[in-house]
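Peer 1: Take this structure first; my questions come after.
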Amino acid sequence: MDIQKSKNGTASVWAGELEEFYERATTPPIVNSVTFGYRDLEEWHEVALGNKEGHIYSRNTNPTVQVFEEKVRILEHAESAIAFSTGMAAISNTLFSLLAPGDRVVSIKDTYGGTSRLFIEFLPAINVSVTLCETGHHEEMEEEIAKGCKLVYLETPTNPTLKVLDLKRLIKAAKAVKAIVVVDNTFATPINQNPILLGADVVVHSATKFLGGHSDVMGGVACGNTELIKRIFQYREITGASLHAMSAYLLARGMKTLELRILRQNQSAMKVAQFLSSHPKVEEVFYPGLPTHKGHDFAKEQMSGFGGMMSFSLKGGYDKVKKFLPQLKLVHLAASLGSVSSLAGPPRTTSHVELTEAQRAELGIPESLIRYSVGIENVEDLIEDLTQAFNTI
Ligand SMILES: *Cc1c(COP(=O)(O)O)cnc(C)c1O
């Protein structure tokens with residue numbers, strides 16, 4: 001069996017777990033050891049030089065972490081993968097290792113809040129210039145990319161209004177100027193979208209979300225071609241933003257059900273989105289699976305499923321949201337997303353709390369918007385729960 005060619009369901013379970021583990025354990029051992037011993041000094045030297053496989057020190061490599069990395073590597077069709085302590089560690093280490101003073105980045109206004117801070121504050125501080133385009137304005141992006149840049153950073157679908165970028169088109173524009181393309185694939189997951197197969201160089205994930213899938217562990221990962229991942233790895237060796245073995249175990253455990261969860265969440269989210277679109281108290285629904293969604297055509301083209309994330313606005317403004325949300329029984333009202341349990345919150349309070357009302361309006365985020373991450377519960381129960389909450393407002 002060539003795991004490289006296996007289907008998603010098989011890779012989720014078996015990637016990284018085909019070799020025999022310690023004492024023939026059938027689940028990956030959690031190797032908490034900081035260091036790895038050698039009685040043969042020659043072998044130690046060869047491993048330390050990177051000429052021979054093996055582990056030296058867990059800041060650099062660790063056997064449990066490698067199990068998680070291998071699952072992501074196979075599912076994303078990447079040559080190499082490297083894990084991080086959080087999604088933001090993956091994103092910041094990727095950007096800081098691939099960019100140098102004087103370089104230029106082209107990206108979008110709607111990136112994840114933390115990423116956006118890197119673009120607005122931390123990269124300009126080291127003299128990297130960043131141009132942030134209107135999300136979804138492909139012509140503007142093509143023009144900016146054509147002016148020349150070192151790196152194009154994309155995220156699709158975006159948070160919280162699920163805007164969709166045409167990856168093929170933007171990757172083509174980036175290749176024309178030999179720019180590195182990095183894609184944040186957190187919302188789509190490798191089950192629904194594989195940017196590397198569309199030509200992206202590096203894919204990053206907040207593994208905290210769908211990959212782990214249970215809201216009980218934080219992690220991040222970058223994967224892509226070996227040369228770039230090696231550069232990111234050498235940087236991570238020094239920043240020390242490594243993933244802990246226990247976290248890697250939980251992520252790998254969560255990933256065994258990744259395909260099951262995502263297929264279920266795709267289906268349920270579609271039903272919930274359809275229910276919401278026909279509800280008289282809902283103003284607008286943002287879900288790439290709906291034909292009315294602006295990015296539906298690109299989404300259909302580049303995604304094999306539309307994902308478990310959506311948002312919707314209520315008629316009557318934020319006052320209605322304040323009454324509506326606490327009535328829901330089957331969702332956690334909290335930040336984050338991508339868990340087995342449904343989760344909801346207003347971007348006004350969560351992802352976009354630091355912006356003013358005017359800035360949110362500029363990004364197309366209504367004050368009465370609710371972001372909803374559909375879990376793996378029975379979808380009829382979720383719809384019933386939403387129905388009873390609507391009946392109270
Ligand atoms: C959550 C998230 C991140 C950051 O990940 P952390 O694990 O919280 O550091 C990055 N990108 C996207 C799209 C996210 O949703």
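Residues in the structure tokens are named by chain (A, B, ... in the order shown) and by number from 1 within that chain; ligands are numbered from 1 in the order shown.
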Could you list, with a cut-off of 9 Å and counting only C-alpha atoms and all ligand atoms, the residues of chain A near ligand 1, each shown with its nearest atom pair and the distance in Å rounded to one decimal, rows sorted by chain and ascending number, as a Markdown table?

Peer 2:
| residue | atom | partner | partner_atom_place_in_ligand_line | distance |
| --- | --- | --- | --- | --- |
| A:Ser85 | CA | ligand 1 | 7 (O) | 7.8 |
| A:Thr86 | CA | ligand 1 | 7 (O) | 4.1 |
| A:Gly87 | CA | ligand 1 | 5 (O) | 3.4 |
| A:Met88 | CA | ligand 1 | 9 (O) | 3.7 |
| A:Ala89 | CA | ligand 1 | 9 (O) | 6.3 |
| A:Ala90 | CA | ligand 1 | 9 (O) | 7.8 |
| A:Ile91 | CA | ligand 1 | 10 (C) | 7.3 |
| A:Thr111 | CA | ligand 1 | 13 (C) | 7.2 |
| A:Tyr112 | CA | ligand 1 | 11 (N) | 5.0 |
| A:Gly113 | CA | ligand 1 | 10 (C) | 7.8 |
| A:Gly114 | CA | ligand 1 | 4 (C) | 6.7 |
| A:Thr115 | CA | ligand 1 | 10 (C) | 6.9 |
| A:Glu155 | CA | ligand 1 | 13 (C) | 7.1 |
| A:Thr156 | CA | ligand 1 | 13 (C) | 8.3 |
| A:Pro157 | CA | ligand 1 | 13 (C) | 8.5 |
| A:Thr158 | CA | ligand 1 | 13 (C) | 7.0 |
| A:Asn159 | CA | ligand 1 | 13 (C) | 6.8 |
| A:Asp184 | CA | ligand 1 | 13 (C) | 6.1 |
| A:Asn185 | CA | ligand 1 | 13 (C) | 7.0 |
| A:Thr186 | CA | ligand 1 | 13 (C) | 4.9 |
| A:Phe187 | CA | ligand 1 | 13 (C) | 5.9 |
| A:Val204 | CA | ligand 1 | 11 (N) | 8.1 |
| A:His205 | CA | ligand 1 | 11 (N) | 6.5 |
| A:Ser206 | CA | ligand 1 | 5 (O) | 4.1 |
| A:Ala207 | CA | ligand 1 | 7 (O) | 6.1 |
| A:Thr208 | CA | ligand 1 | 7 (O) | 4.7 |
| A:Lys209 | CA | ligand 1 | 1 (C) | 6.6 |
| A:Val217 | CA | ligand 1 | 7 (O) | 8.9 |
| A:Met218 | CA | ligand 1 | 7 (O) | 5.5 |
| A:Gly219 | CA | ligand 1 | 7 (O) | 5.4 |
| A:Gly220 | CA | ligand 1 | 7 (O) | 5.9 |
| A:Ser336 | CA | ligand 1 | 1 (C) | 6.3 |
| A:Leu337 | CA | ligand 1 | 15 (O) | 7.2 |
| A:Gly338 | CA | ligand 1 | 15 (O) | 8.7 |

Peer 1: Let's have the selection written as a compact mmCIF listing (two decimals), in the first residue's frame, with N, CA, C and O atoms.

Peer 2:
# COMPACT_ATOMS: atom_id res chain seq x y z
N SER A 85 3.62 25.21 17.52
CA SER A 85 2.84 25.23 18.75
C SER A 85 1.43 25.81 18.56
O SER A 85 0.51 25.46 19.29
N THR A 86 1.26 26.71 17.59
CA THR A 86 -0.06 27.29 17.30
C THR A 86 -0.11 27.62 15.80
O THR A 86 0.93 27.61 15.12
N GLY A 87 -1.29 27.98 15.34
CA GLY A 87 -1.43 28.41 13.95
C GLY A 87 -0.65 29.70 13.69
O GLY A 87 0.02 29.84 12.66
N MET A 88 -0.71 30.63 14.64
CA MET A 88 0.01 31.89 14.45
C MET A 88 1.53 31.67 14.44
O MET A 88 2.26 32.40 13.77
N ALA A 89 2.00 30.67 15.19
CA ALA A 89 3.43 30.35 15.13
C ALA A 89 3.79 29.86 13.73
O ALA A 89 4.82 30.25 13.17
N ALA A 90 2.93 29.03 13.15
CA ALA A 90 3.18 28.53 11.79
C ALA A 90 3.22 29.69 10.80
O ALA A 90 4.12 29.78 9.95
N ILE A 91 2.26 30.59 10.92
CA ILE A 91 2.16 31.70 9.96
C ILE A 91 3.32 32.69 10.14
O ILE A 91 3.97 33.09 9.18
N THR A 111 -7.56 38.74 5.82
CA THR A 111 -6.87 37.60 6.43
C THR A 111 -7.26 37.51 7.90
O THR A 111 -7.79 38.47 8.49
N TYR A 112 -6.99 36.37 8.50
CA TYR A 112 -7.20 36.14 9.93
C TYR A 112 -6.59 37.31 10.72
O TYR A 112 -5.53 37.83 10.35
N GLY A 113 -7.25 37.72 11.81
CA GLY A 113 -6.84 38.89 12.57
C GLY A 113 -5.36 38.94 12.93
O GLY A 113 -4.70 39.97 12.77
N GLY A 114 -4.82 37.83 13.42
CA GLY A 114 -3.40 37.78 13.81
C GLY A 114 -2.49 37.98 12.61
O GLY A 114 -1.46 38.67 12.69
N THR A 115 -2.86 37.36 11.50
CA THR A 115 -2.06 37.49 10.27
C THR A 115 -2.08 38.94 9.80
O THR A 115 -1.05 39.50 9.40
N GLU A 155 -5.86 33.50 1.58
CA GLU A 155 -6.66 32.76 2.54
C GLU A 155 -8.05 32.63 1.92
O GLU A 155 -8.62 33.64 1.50
N THR A 156 -8.58 31.43 1.86
CA THR A 156 -9.90 31.24 1.26
C THR A 156 -10.51 29.92 1.72
O THR A 156 -9.79 28.92 1.73
N PRO A 157 -11.80 29.89 2.13
CA PRO A 157 -12.67 31.03 2.36
C PRO A 157 -12.19 31.86 3.55
O PRO A 157 -11.48 31.35 4.40
N THR A 158 -12.63 33.12 3.59
CA THR A 158 -12.13 34.02 4.63
C THR A 158 -13.10 34.11 5.81
O THR A 158 -14.25 33.69 5.74
N ASN A 159 -12.58 34.71 6.83
CA ASN A 159 -13.30 34.92 8.09
C ASN A 159 -13.78 36.37 8.14
O ASN A 159 -12.96 37.24 7.90
N ASP A 184 -3.41 30.00 3.50
CA ASP A 184 -3.97 29.54 4.77
C ASP A 184 -5.21 28.71 4.44
O ASP A 184 -6.21 29.24 3.96
N ASN A 185 -5.12 27.41 4.70
CA ASN A 185 -6.19 26.48 4.30
C ASN A 185 -7.03 26.02 5.49
O ASN A 185 -7.69 24.99 5.44
N THR A 186 -6.97 26.80 6.58
CA THR A 186 -7.64 26.40 7.83
C THR A 186 -9.14 26.18 7.65
O THR A 186 -9.68 25.17 8.11
N PHE A 187 -9.82 27.12 7.01
CA PHE A 187 -11.28 27.02 6.91
C PHE A 187 -11.70 25.85 6.02
O PHE A 187 -12.69 25.19 6.29
N VAL A 204 -0.50 26.67 5.02
CA VAL A 204 -0.44 26.74 6.48
C VAL A 204 -1.83 26.47 7.07
O VAL A 204 -2.84 26.69 6.40
N HIS A 205 -1.82 25.95 8.29
CA HIS A 205 -3.08 25.64 8.99
C HIS A 205 -2.98 26.06 10.44
O HIS A 205 -1.93 25.87 11.07
N SER A 206 -4.09 26.53 10.98
CA SER A 206 -4.25 26.50 12.41
C SER A 206 -4.83 25.12 12.70
O SER A 206 -6.01 24.87 12.45
N ALA A 207 -4.00 24.22 13.23
CA ALA A 207 -4.46 22.85 13.52
C ALA A 207 -5.40 22.83 14.71
O ALA A 207 -6.09 21.85 14.97
N THR A 208 -5.41 23.97 15.44
CA THR A 208 -6.31 24.18 16.57
C THR A 208 -7.77 23.99 16.15
O THR A 208 -8.62 23.65 16.97
N LYS A 209 -8.05 24.22 14.89
CA LYS A 209 -9.44 24.23 14.41
C LYS A 209 -9.85 22.83 13.93
O LYS A 209 -9.92 21.94 14.72
N VAL A 217 -6.85 21.27 21.95
CA VAL A 217 -5.41 21.32 21.73
C VAL A 217 -5.09 22.40 20.69
O VAL A 217 -5.87 22.62 19.76
N MET A 218 -3.98 23.10 20.90
CA MET A 218 -3.55 24.11 19.93
C MET A 218 -2.37 23.58 19.12
O MET A 218 -1.55 22.80 19.63
N GLY A 219 -2.30 24.02 17.89
CA GLY A 219 -1.17 23.62 17.05
C GLY A 219 -1.24 24.30 15.71
O GLY A 219 -2.26 24.92 15.36
N GLY A 220 -0.15 24.21 14.96
CA GLY A 220 -0.12 24.78 13.62
C GLY A 220 0.78 23.93 12.75
O GLY A 220 1.51 23.07 13.25
N SER A 336 -13.08 30.75 18.40
CA SER A 336 -12.59 29.55 17.72
C SER A 336 -13.68 28.87 16.89
O SER A 336 -14.81 29.36 16.77
N LEU A 337 -13.32 27.73 16.28
CA LEU A 337 -14.19 27.07 15.30
C LEU A 337 -13.64 25.68 14.99
O LEU A 337 -12.55 25.32 15.43
N GLY A 338 -14.44 24.92 14.23
CA GLY A 338 -13.94 23.66 13.69
C GLY A 338 -14.00 22.48 14.63
O GLY A 338 -13.34 21.47 14.41

Peer 1: With the cut-off set at 10 Å and counting only C-alpha atoms, tabulate each residue of range 212-325 of chain A with an atom at most that distance from an atom of range 369-393 of chain A, showing the nearest atom pair and its distance in Å to one decimal, ordered by chain and increasing number, as CSV.

Peer 2:
residue,atom,partner,partner_atom,distance
A:Gly213,CA,A:Gly375,CA,9.3
A:His214,CA,A:Gly375,CA,9.7
A:Leu260,CA,A:Ile376,CA,9.4
A:Arg261,CA,A:Ile376,CA,6.5
A:Ile262,CA,A:Ile376,CA,8.6
A:Leu263,CA,A:Ile376,CA,9.6
A:Arg264,CA,A:Ile376,CA,6.4
A:Gln265,CA,A:Ile376,CA,6.0
A:Asn266,CA,A:Val374,CA,8.6
A:Gln267,CA,A:Val379,CA,8.7
A:Ser268,CA,A:Val379,CA,5.5
A:Ala269,CA,A:Val374,CA,5.9
A:Met270,CA,A:Val374,CA,9.7
A:Lys271,CA,A:Val379,CA,7.5
A:Val272,CA,A:Ile383,CA,6.5
A:Ala273,CA,A:Ile383,CA,9.9
A:Phe275,CA,A:Ile383,CA,7.5
A:Leu276,CA,A:Leu386,CA,8.8
A:His279,CA,A:Phe390,CA,9.0
A:Pro280,CA,A:Phe390,CA,9.5
A:Lys281,CA,A:Phe390,CA,7.3
A:Val282,CA,A:Phe390,CA,9.2
A:Glu283,CA,A:Leu369,CA,9.3
A:Glu284,CA,A:Leu369,CA,8.8
A:Val285,CA,A:Leu369,CA,9.2
A:Phe286,CA,A:Arg371,CA,9.2
A:Gly307,CA,A:Val374,CA,8.9
A:Gly308,CA,A:Val374,CA,5.2
A:Met309,CA,A:Ser373,CA,4.8
A:Met310,CA,A:Tyr372,CA,5.4
A:Ser311,CA,A:Arg371,CA,4.2
A:Phe312,CA,A:Ile370,CA,5.4
A:Ser313,CA,A:Leu369,CA,4.1
A:Leu314,CA,A:Leu369,CA,6.7
A:Lys315,CA,A:Leu369,CA,9.7
A:Gly316,CA,A:Ile393,CA,9.9
A:Gly317,CA,A:Leu369,CA,8.5
A:Tyr318,CA,A:Leu369,CA,7.9
A:Asp319,CA,A:Ile393,CA,9.9
A:Lys320,CA,A:Ile393,CA,6.7
A:Val321,CA,A:Ile370,CA,7.6
A:Lys322,CA,A:Ile393,CA,9.9
A:Lys323,CA,A:Ile393,CA,6.7
A:Phe324,CA,A:Ala389,CA,5.8
A:Leu325,CA,A:Ala389,CA,7.5

Peer 1: Could you list, as a PyMOL selection string, every residue within 8 Å of Pro28 in chain A, counting only C-alpha atoms and ignoring same-chain residues fewer than 4 positions away?

Peer 2: chain A and resi 17+21+64+67+249

Peer 1: Could you pull out the helix (DSSP H, G or I) residues of range 140-320 of chain A from DSSP and send them as JSON, numbers by chain?

Peer 2: {"A": [140, 141, 142, 143, 144, 145, 146, 167, 168, 169, 170, 171, 172, 173, 174, 175, 176, 189, 190, 191, 192, 195, 196, 197, 198, 226, 227, 228, 229, 230, 231, 232, 233, 234, 235, 236, 237, 238, 239, 245, 246, 247, 248, 249, 250, 251, 252, 253, 254, 255, 258, 259, 260, 261, 262, 263, 264, 265, 266, 267, 268, 269, 270, 271, 272, 273, 274, 275, 276, 277, 296, 297, 298, 299, 300, 301, 302, 318, 319, 320]}

Peer 1: Figure out the distance between CA of Ala100 in chain A and CA of Ala222 in chain A, please, to one decimal in Å.

Peer 2: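 Answer for the CA of Ala222 in chain A to CA of Ala100 in chain A separation: 18.9 Å.
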
Peer 1: Quick one: pick out all strand (DSSP E or B) residues within range 39-278 of chain A from a backbone DSSP run and write them as a ChimeraX atom specification.

Peer 2: /A:57,80-84,104-108,129-133,151-155,180-184,202-206,220-224

Peer 1: In Å, how far is it from CA of His352 in chain A to CA of Ile365 in chain A?

Peer 2: 9.0 Å

Peer 1: Which one of A:Arg360, A:Arg236, A:Lys230, A:Arg104 sits closest to Leu123 in chain A if you count only C-alpha atoms?

Peer 2: A:Arg104

Peer 1: Would you list the contacts of His244 in chain A as number ranges by chain, taking every protein, DNA or RNA residue within 8 Å and counting only C-alpha atoms, but skipping same-chain residues closer than 3 positions in sequence?

Peer 2: A: 65, 85, 247-248

Peer 1: Which neighbours of Ala11 in chain A fall inside 7 Å, counting only C-alpha atoms, when residues of the same chain fewer than 4 positions from it are skipped, and could you give them as an MDAnalysis selection string?

Peer 2: chainID A and resid 3 6:7 15 71 74:75

Peer 1: Just want the 9 Å neighbourhood of Cys133 in chain A, counted on only C-alpha atoms, with same-chain residues fewer than 6 positions away dropped. Output as a list in words.

Peer 2: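 The residues that qualify are Val106, Ser107, Ile108, Lys109, Asp110, Glu140, Met141 and Glu144 of chain A.
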
Peer 1: Keeping only N, CA, C and O atoms, take the residues you just selected and write them out as a PDB file, in the first residue's frame.

Peer 2:
ATOM      1  N   VAL A 106       2.061  40.764  -1.312  1.00  0.00           N
ATOM      2  CA  VAL A 106       0.696  41.145  -1.706  1.00  0.00           C
ATOM      3  C   VAL A 106      -0.270  40.160  -1.050  1.00  0.00           C
ATOM      4  O   VAL A 106      -0.070  38.944  -1.115  1.00  0.00           O
ATOM      5  N   SER A 107      -1.277  40.699  -0.387  1.00  0.00           N
ATOM      6  CA  SER A 107      -2.275  39.844   0.262  1.00  0.00           C
ATOM      7  C   SER A 107      -3.638  40.531   0.217  1.00  0.00           C
ATOM      8  O   SER A 107      -3.842  41.462  -0.570  1.00  0.00           O
ATOM      9  N   ILE A 108      -4.547  40.063   1.059  1.00  0.00           N
ATOM     10  CA  ILE A 108      -5.913  40.593   1.077  1.00  0.00           C
ATOM     11  C   ILE A 108      -6.219  41.242   2.424  1.00  0.00           C
ATOM     12  O   ILE A 108      -5.545  40.961   3.415  1.00  0.00           O
ATOM     13  N   LYS A 109      -7.272  42.072   2.433  1.00  0.00           N
ATOM     14  CA  LYS A 109      -7.646  42.764   3.678  1.00  0.00           C
ATOM     15  C   LYS A 109      -8.285  41.819   4.688  1.00  0.00           C
ATOM     16  O   LYS A 109      -8.270  42.106   5.871  1.00  0.00           O
ATOM     17  N   ASP A 110      -8.853  40.710   4.195  1.00  0.00           N
ATOM     18  CA  ASP A 110      -9.639  39.827   5.071  1.00  0.00           C
ATOM     19  C   ASP A 110      -8.866  38.664   5.673  1.00  0.00           C
ATOM     20  O   ASP A 110      -9.478  37.658   6.012  1.00  0.00           O
ATOM     21  N   GLU A 140      -7.520  43.820  -9.280  1.00  0.00           N
ATOM     22  CA  GLU A 140      -6.640  44.659  -8.459  1.00  0.00           C
ATOM     23  C   GLU A 140      -5.456  43.822  -7.947  1.00  0.00           C
ATOM     24  O   GLU A 140      -4.304  44.262  -7.978  1.00  0.00           O
ATOM     25  N   MET A 141      -5.741  42.601  -7.532  1.00  0.00           N
ATOM     26  CA  MET A 141      -4.669  41.740  -7.021  1.00  0.00           C
ATOM     27  C   MET A 141      -3.674  41.400  -8.123  1.00  0.00           C
ATOM     28  O   MET A 141      -2.465  41.445  -7.915  1.00  0.00           O
ATOM     29  N   GLU A 144      -1.437  44.374  -8.676  1.00  0.00           N
ATOM     30  CA  GLU A 144      -0.457  44.552  -7.596  1.00  0.00           C
ATOM     31  C   GLU A 144       0.641  43.484  -7.676  1.00  0.00           C
ATOM     32  O   GLU A 144       1.820  43.780  -7.480  1.00  0.00           O
TER      33      GLU A 144
END

Peer 1: Identify, on the basis of only C-alpha atoms, every residue whose closest approach to Phe96 in chain A does not exceed 12 Å; exclude the query and any residue fewer than 4 positions from it along the same chain; express the result as number ranges by chain.

Peer 2: A: 88-92, 100-101, 103, 105, 115, 118-119, 122-128, 151, 231-236, 239

Peer 1: Include C-alpha atoms and write out the residues we just selected as a compact mmCIF listing (two decimals), in the first residue's frame.

Peer 2:
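And here is the file that came out, part-v1.txt:
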# COMPACT_ATOMS: atom_id res chain seq x y z
CA MET A 88 0.01 31.89 14.45
CA ALA A 89 3.43 30.35 15.13
CA ALA A 90 3.18 28.53 11.79
CA ILE A 91 2.16 31.70 9.96
CA SER A 92 4.65 34.07 11.60
CA ALA A 100 13.84 39.77 4.21
CA PRO A 101 14.02 43.56 4.54
CA ASP A 103 10.80 42.45 0.10
CA VAL A 105 4.10 41.03 -0.02
CA THR A 115 -2.06 37.49 10.27
CA LEU A 118 1.73 40.82 11.01
CA PHE A 119 1.01 42.60 7.73
CA PHE A 122 5.31 43.55 12.42
CA LEU A 123 6.47 43.05 8.83
CA PRO A 124 6.61 46.78 8.00
CA ALA A 125 8.74 47.14 11.16
CA ILE A 126 11.49 45.10 9.47
CA ASN A 127 11.06 47.01 6.22
CA VAL A 128 8.92 44.46 4.40
CA LEU A 151 5.39 36.51 -1.69
CA ARG A 231 14.11 27.12 5.45
CA ILE A 232 11.07 27.44 7.71
CA PHE A 233 12.35 24.49 9.80
CA GLN A 234 15.75 26.11 10.30
CA TYR A 235 14.02 29.26 11.51
CA ARG A 236 11.73 27.31 13.86
CA THR A 239 12.50 30.61 17.42

Peer 1: Could you please determine the separation between CA of Lys172 in chain A and CA of Gly199 in chain A in Å, to one decimal place?

Peer 2: 8.2 Å
